[in-house]
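*Asks:* Pasting a structure below so you can have a look.
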Amino acid sequence: MPSAVLLTGATGFLGRDLLKKLIEELPTQQTIYCLIRGHEKDSSVSDRPTETARARLTKLLIELGYERHDEPKVQRVCAISGDISHQNLGTQPSDYETLIQHVSHIFHGAATVRFDLPLPEARLINVVGTKHILDLTERIHASGQPIRLSYIGTSFVAGTRKGRILESDLTVEQSFHNTYEQTKAEAEALVRRAMSEKGLCATLFRPSIIVGNSKTGETSSFKVMYWPLKVFSRGLIPIVPASRAGIVDMVPIDYVTAAIWELSQRSDTKGGCYHLAAGPDSSTTIGEALDLAAAFFRVRKPLFVPIETFERYVRPVFNFLFRGKRRQALDAGRVYVPYLNYQASFDTQQVKAALVGTGIEPPLVTHYFERLIQFCVDSDWGKRDPSVSASRRTRQ
Ligand SMILES: NC(=O)c1ccc[n+]([C@@H]2O[C@H](COP(=O)([O-])OP(=O)(O)OC[C@H]3O[C@@H](n4cnc5c(N)ncnc54)[C@H](OP(=O)(O)O)[C@@H]3O)[C@@H](O)[C@H]2O)c1
């Protein structure tokens, strides 16, 4: 019987947590294939080190705390060198055949999460990449084997819509803040079409903004929510184009991973779509989040002004005055502006109903926010080992 699992995006922020979950939870007879880009081919154009997919996996497993490769639960984790934007996932023919013959569940998380990629580039990875995953599910289905897809989308497929967004809502005929939102909406539409027209067995997960672990604050990524926080902690921009009431829906990675694991293993969730989000009851606002951060960093809160006022009067002055890091922050911050004024809230009725009785629910931001920021400080925003600062703090 085929019983292997394929995970894409294992080297990413969410993927590494998901890999750990799969290693811990799946029976050791089940092989876990990780589709990983080998960087050996593009070393001349990339600043990444020259590494094979296998070397990247080995390094990742060590980072996740799996030093011993002969342990059965670690031994069954295999790297498949590939790239989702290519036909047959850019894999060797023999590897693709192995996937067709053995995989019964695909966790597809690989994507570009950059907000500023040109549309064709973002489409190639997020839409065409997803199409190639769907092609694989068809090939597996055609070989007579069962196949299930757990697709990692995003709540932000809601684009520029306002108000309450249901888990069943999706349209690509609308405007989006950036190419990330648009291409993730297009990719989800492809998956939904395969479900309705070809009977694909899939479950859709739509996390909101994923942040670090709620118990330890640990994160391997300092993008999205962390970037504006870092700029704020350094007092680089004294006036921001934000609304105090702007909705901030964030969820810790341990909640997201636990929910994906639970819901991907049950048969009653086949065909479902779930907002892995704090939702209207537990999300916070820009004002509240910055109050918490200001108290932690002991810095003055920036002045909030409407976007139009900022773009018309403030940005030109800042452009004139700011140089170096401040100017970089001002320019790089453009992509985050829509999220400082967000007016959509992600309904969580279906996920709440599905998770009732499991004890899996998103904690309130106020319960873990300080731990998130403490980890940023201890790790100097990802630049050093956080345990050194943490142990120094404990000794004091
Ligand atoms: N982070 C969030 O707040 C958030 C919120 C909602 C939804 N999501 C969704 O969660 C998923 C993971 O996001 P993340 O934050 O973990 O992103 P991430 O840290 O940037 O990781 C992206 C992963 O995708 C892989 N990847 C990218 N292009 C690929 C390609 N062409 N072929 C094969 N692999 C490729 C990357 O591999 P390399 O290591 O080779 O680059 C990496 O493993 C995405 O689907 C995203 O839309 C994330």
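Note on naming: chains are A, B, ... as they come in the structure tokens, residues start from 1 per chain, ligands start from 1 in the order shown.
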Which residues are near ligand 1 - at most 6 Å, using only C-alpha atoms and all ligand atoms? Format: as a count of residues only.

*Replies:* 25

*Asks:* Could you list, as a list in words, every residue within 10 Å of Ala289 of chain A, counting only C-alpha atoms and ignoring same-chain residues fewer than 5 positions away?

*Replies:*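 So, after excluding close chain neighbours, the residues are Leu229, Arg244, Ile247, Val248, Thr284, Ala294, Val365, Thr366 and Phe369 of chain A.
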
*Asks:* Here is a test: counting only C-alpha atoms, which residue of A:Ala332, A:Ile253, A:Leu6, A:Val299 is nearest to Ser221 of chain A?

*Replies:*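 For Ser221 of chain A, the nearest of the candidates is A:Ile253.
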
*Asks:* Contacts of Val351 of chain A at 10 Å or less, counting only C-alpha atoms, minus same-chain residues fewer than 2 places along, as a list in words?

*Replies:*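 Within the cut-off, the hits are Glu167, Phe205, Ala259, Leu263, Thr269, Gly272, Cys273, Tyr274, His275, Leu276, Ala277, Asp347, Thr348, Gln349, Ala353, Ala354, Leu355, Val356 and Glu361 of chain A.
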
*Asks:* Store the residues of this selection in a file with C-alpha atoms, as a compact mmCIF listing (two decimals), in the first residue's frame.

*Replies:*
```txt
# COMPACT_ATOMS: atom_id res chain seq x y z
CA GLU A 167 -14.18 30.39 4.92
CA PHE A 205 -6.00 25.71 5.18
CA ALA A 259 -4.64 22.56 13.56
CA LEU A 263 -7.71 18.47 10.48
CA THR A 269 -12.70 17.51 7.07
CA GLY A 272 -13.34 21.68 3.97
CA CYS A 273 -11.70 25.09 4.01
CA TYR A 274 -10.50 26.49 7.32
CA HIS A 275 -9.39 29.95 8.39
CA LEU A 276 -6.51 29.29 10.77
CA ALA A 277 -6.97 32.76 12.14
CA ASP A 347 -14.65 34.31 10.09
CA THR A 348 -13.66 31.13 11.95
CA GLN A 349 -16.99 29.35 12.45
CA ALA A 353 -16.73 23.71 14.90
CA ALA A 354 -14.20 21.26 13.46
CA LEU A 355 -11.76 21.70 16.36
CA VAL A 356 -14.31 21.65 19.17
CA GLU A 361 -7.52 27.06 19.58
```

*Asks:* Applying 12 Å and only C-alpha atoms, which residues near His69 of chain A remain after dropping the ones on its own chain fewer than 5 positions away? List them as a PDB file with C-alpha atoms, in the first residue's frame.

*Replies:*
```
ATOM      1  CA  LEU A  57      17.534  18.491   4.440  1.00  0.00           C
ATOM      2  CA  THR A  58      20.374  17.166   6.598  1.00  0.00           C
ATOM      3  CA  LYS A  59      21.081  20.676   7.850  1.00  0.00           C
ATOM      4  CA  LEU A  60      17.391  21.290   8.486  1.00  0.00           C
ATOM      5  CA  LEU A  61      16.988  18.083  10.486  1.00  0.00           C
ATOM      6  CA  ILE A  62      19.920  19.081  12.687  1.00  0.00           C
ATOM      7  CA  VAL A  74      14.404  10.423  11.103  1.00  0.00           C
ATOM      8  CA  GLN A  75      15.747   7.786   8.726  1.00  0.00           C
ATOM      9  CA  ARG A  76      12.479   7.712   6.753  1.00  0.00           C
ATOM     10  CA  VAL A  77      12.712  11.429   5.858  1.00  0.00           C
ATOM     11  CA  CYS A  78      13.991  11.715   2.277  1.00  0.00           C
TER      12      CYS A  78
END
```

*Asks:* Can you pull out every residue within 9 Å of Leu18 of chain A, counting only C-alpha atoms, but drop anything in the same chain fewer than 5 positions away, and send it as number ranges by chain?

*Replies:* A: 7, 10, 23, 107, 257-258, 260-261

*Asks:* Please list as a PyMOL selection string every residue within 12 Å of Lys131 of chain A, counting only C-alpha atoms and excluding residues in the same chain fewer than 6 positions away.

*Replies:* chain A and resi 84-89+108+123-125+137-138+151+183-184+186-194
